[in-house]
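Let me begin by presenting the structure, written as structure tokens, before commenting on it.
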Amino acid sequence: MMRTLSTVCNDRSGGVAILFALTLVVLVLGVGLSVDTYRMHNTGTKVQAALDAATLASAKLLGAEGAPDGQVRQAARDFFDAQLESLGIGGVQLKSFQADIDRDQTQVTASVKVVVPTVFSSVGGGLIKVEFEPSSTAIYKQKKIELALVVDVTGSMGASGKIDALKVAANELVDTLFNSNPVPQAVRVALVPYSAAVNAGSYFDAVTAGGATGGSWTWSSWGGWTAGATDTCVVERAGAEAYTATPPGAGTFLGVSSGAVNLNYSCPTPTVVPLADLADGVARASFKSSISALTPGGATAGHIGAAWGWYMLQPNWSFLWPGSTPRPFADPDVMKIVILMTDGEFNTSYENGNMNSTTFTDVGSSGYQALQLCSNMKAQNITIYTIGFMTNGNAESMLKTCSGEDNFYNADSSSQLLGSFQDIVAKLTQLRIAS
């Protein structure tokens, strides 16, 4: 009996089966856990992609087109469902889809509850499942744009079809900006034609104290020069305000001149146009008409054009054009842009130094004065783009210094001029997604 008991006690052959059974359970659990982990990750990735697409599309609808809340929410749900269908998610439950709208931030946040059954969901009556709730937030940042289009209408623009190429490119810029579906006051553009001066038009009296700033002369019938304004063109300011955007007033009025001061003087026919709202059909049509009416003539006082591009973006000049008041520079949602285009060297100036020099390192030359203005504009966070249209190396060097090389465009043909305008427009809208 003792020998039999000893044999039974020493028999361990069944332990292998028990160990195998326990190991098998662990292996099955491990495989099931791996499958469930992969499935949850795969499902989460696809659902997140669908949410991102839904919020991005609906936020653009909200920001670019100003759609009502109900339409935005429906668009978010439709894009989400379409994405899920294309991504092929099966065997999971999606519940409580929700799209929340924040109009102040132009933001849409979408979320959905995801229920993923596990491998062992049949155990315990199917109660084993994993739930999680991914979300996505999209902010459509189509910043408001205030753009001053400063264009060369000098005599050389009348050659080789250049003025016509400018009109085509500038009008397409307007159309492209409008086709981005701006809400009212979201995209506004000003026009500054320049040659040997800038024609202030109806604003002449206000910026020069009625032409009484002492620099305007007219040829009298008896053969002598007499003081007095003969046109509505202005030149640069002298002294401490030469390179500032201080509004015109006592001691800060803009200068006037004539051929008696500089033989290069002439007054271009096209006048300045303050910021026009491209969402306004009447204003847009009028603005395009001003572009189409551009005519060439005269020398190149590019620094005066650059200065007026700056003035057009200044809130403190709004007393001149109250219906086109620029927004504050401190507004983070506004882009202030100057596009400065020329087909040659700046060669005409009236105050502050070397008159008619084409060397932009000569103090007081048009190129020199333009660079002082460009530097001060950039210090005010104005982005400057420059375009050299069939220009020489000296002009290109000055333009690159003005805007920075990254924002300089060299256009050697009409098609390249058009492409330069198109590329600039493409940079003016920002789109950001965070999830």
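Ordering of the structure tokens sets the chain letters (A, B, ...); residue numbers start at 1 within each chain; ligands are numbered from 1 in the order shown.
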
- Enumerate, as a ChimeraX atom specification, the complete set of residues in stretch 172-386 of chain A that a backbone-based DSSP assignment places in alpha helix (DSSP H). /A:172-179,204-208,281-292,302-311,366-379

Residues just named, written with C-alpha atoms as a short mmCIF file (atom, residue, chain, number, x, y, z; two decimals), in the first residue's frame:
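Generated file (result_11.cif):
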```
data_model
loop_
_atom_site.label_atom_id
_atom_site.label_comp_id
_atom_site.auth_asym_id
_atom_site.auth_seq_id
_atom_site.Cartn_x
_atom_site.Cartn_y
_atom_site.Cartn_z
CA GLU A 172 -7.62 88.89 -62.57
CA LEU A 173 -6.22 89.59 -59.10
CA VAL A 174 -9.53 91.25 -58.22
CA ASP A 175 -11.54 88.38 -59.70
CA THR A 176 -9.49 85.71 -57.91
CA LEU A 177 -9.85 87.43 -54.56
CA PHE A 178 -13.58 87.81 -55.15
CA ASN A 179 -13.92 84.14 -56.16
CA PHE A 204 -6.01 116.88 -53.30
CA ASP A 205 -7.27 119.84 -51.25
CA ALA A 206 -7.36 117.82 -48.03
CA VAL A 207 -3.80 116.49 -48.34
CA THR A 208 -2.19 119.74 -49.54
CA GLY A 281 -20.70 94.26 -56.61
CA VAL A 282 -20.94 97.98 -57.39
CA ALA A 283 -17.65 98.80 -55.65
CA ARG A 284 -15.90 95.87 -57.35
CA ALA A 285 -17.14 96.88 -60.81
CA SER A 286 -16.06 100.49 -60.24
CA PHE A 287 -12.64 99.35 -59.05
CA LYS A 288 -12.13 97.17 -62.13
CA SER A 289 -13.18 100.07 -64.32
CA SER A 290 -10.45 102.19 -62.71
CA ILE A 291 -7.92 99.49 -63.58
CA SER A 292 -9.16 99.24 -67.16
CA GLY A 302 8.15 105.19 -57.47
CA HIS A 303 8.76 106.39 -53.93
CA ILE A 304 5.64 108.59 -54.13
CA GLY A 305 3.60 105.57 -55.21
CA ALA A 306 5.07 103.48 -52.38
CA ALA A 307 4.18 106.19 -49.85
CA TRP A 308 0.58 106.30 -51.04
CA GLY A 309 0.34 102.51 -50.83
CA TRP A 310 1.23 102.92 -47.17
CA TYR A 311 -1.21 105.79 -46.65
CA SER A 366 13.59 108.10 -55.71
CA GLY A 367 15.01 104.63 -55.07
CA TYR A 368 16.65 105.73 -51.82
CA GLN A 369 13.44 107.31 -50.56
CA ALA A 370 11.43 104.24 -51.57
CA LEU A 371 13.70 102.01 -49.46
CA GLN A 372 13.23 104.22 -46.39
CA LEU A 373 9.49 103.93 -46.83
CA CYS A 374 9.68 100.14 -47.40
CA SER A 375 11.68 99.70 -44.21
CA ASN A 376 9.16 101.70 -42.17
CA MET A 377 6.23 99.83 -43.71
CA LYS A 378 7.73 96.46 -42.80
CA ALA A 379 8.35 97.73 -39.26
#
```

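Atom CA of A:Ser156 to atom CA of A:Ala238 spans 27.7 Å [interatomic distance, one decimal].
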
- Task: Using only C-alpha atoms, determine which residues lie at most 8 Å from A:Ser324, disregarding the query and same-chain residues fewer than 2 positions distant; provide the list as an NGL selection string.
- Result: :A and (274-276 or 318 or 321-322 or 326)

Saved selection, atoms kept: N, CA and C atoms, as an mmCIF file, in the first residue's frame:
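What follows is the written file out27.cif:
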```
data_model
loop_
_atom_site.group_PDB
_atom_site.id
_atom_site.type_symbol
_atom_site.label_atom_id
_atom_site.label_comp_id
_atom_site.auth_asym_id
_atom_site.auth_seq_id
_atom_site.Cartn_x
_atom_site.Cartn_y
_atom_site.Cartn_z
ATOM 1 N N PRO A 274 -9.336 104.570 -52.868
ATOM 2 C CA PRO A 274 -9.193 103.977 -51.538
ATOM 3 C C PRO A 274 -9.776 102.571 -51.485
ATOM 4 N N LEU A 275 -9.612 101.912 -50.366
ATOM 5 C CA LEU A 275 -10.006 100.513 -50.214
ATOM 6 C C LEU A 275 -11.440 100.267 -50.673
ATOM 7 N N ALA A 276 -11.586 99.342 -51.618
ATOM 8 C CA ALA A 276 -12.901 98.964 -52.133
ATOM 9 C C ALA A 276 -13.235 97.555 -51.665
ATOM 10 N N SER A 318 -8.300 107.875 -42.156
ATOM 11 C CA SER A 318 -9.692 107.552 -42.497
ATOM 12 C C SER A 318 -10.584 108.783 -42.617
ATOM 13 N N TRP A 321 -11.328 109.147 -46.266
ATOM 14 C CA TRP A 321 -12.238 108.189 -46.905
ATOM 15 C C TRP A 321 -12.969 107.386 -45.833
ATOM 16 N N PRO A 322 -13.924 108.037 -45.139
ATOM 17 C CA PRO A 322 -14.611 107.394 -44.002
ATOM 18 C C PRO A 322 -15.336 106.110 -44.373
ATOM 19 N N PRO A 326 -9.463 101.856 -42.945
ATOM 20 C CA PRO A 326 -8.653 100.663 -42.698
ATOM 21 C C PRO A 326 -8.773 100.203 -41.246
#
```
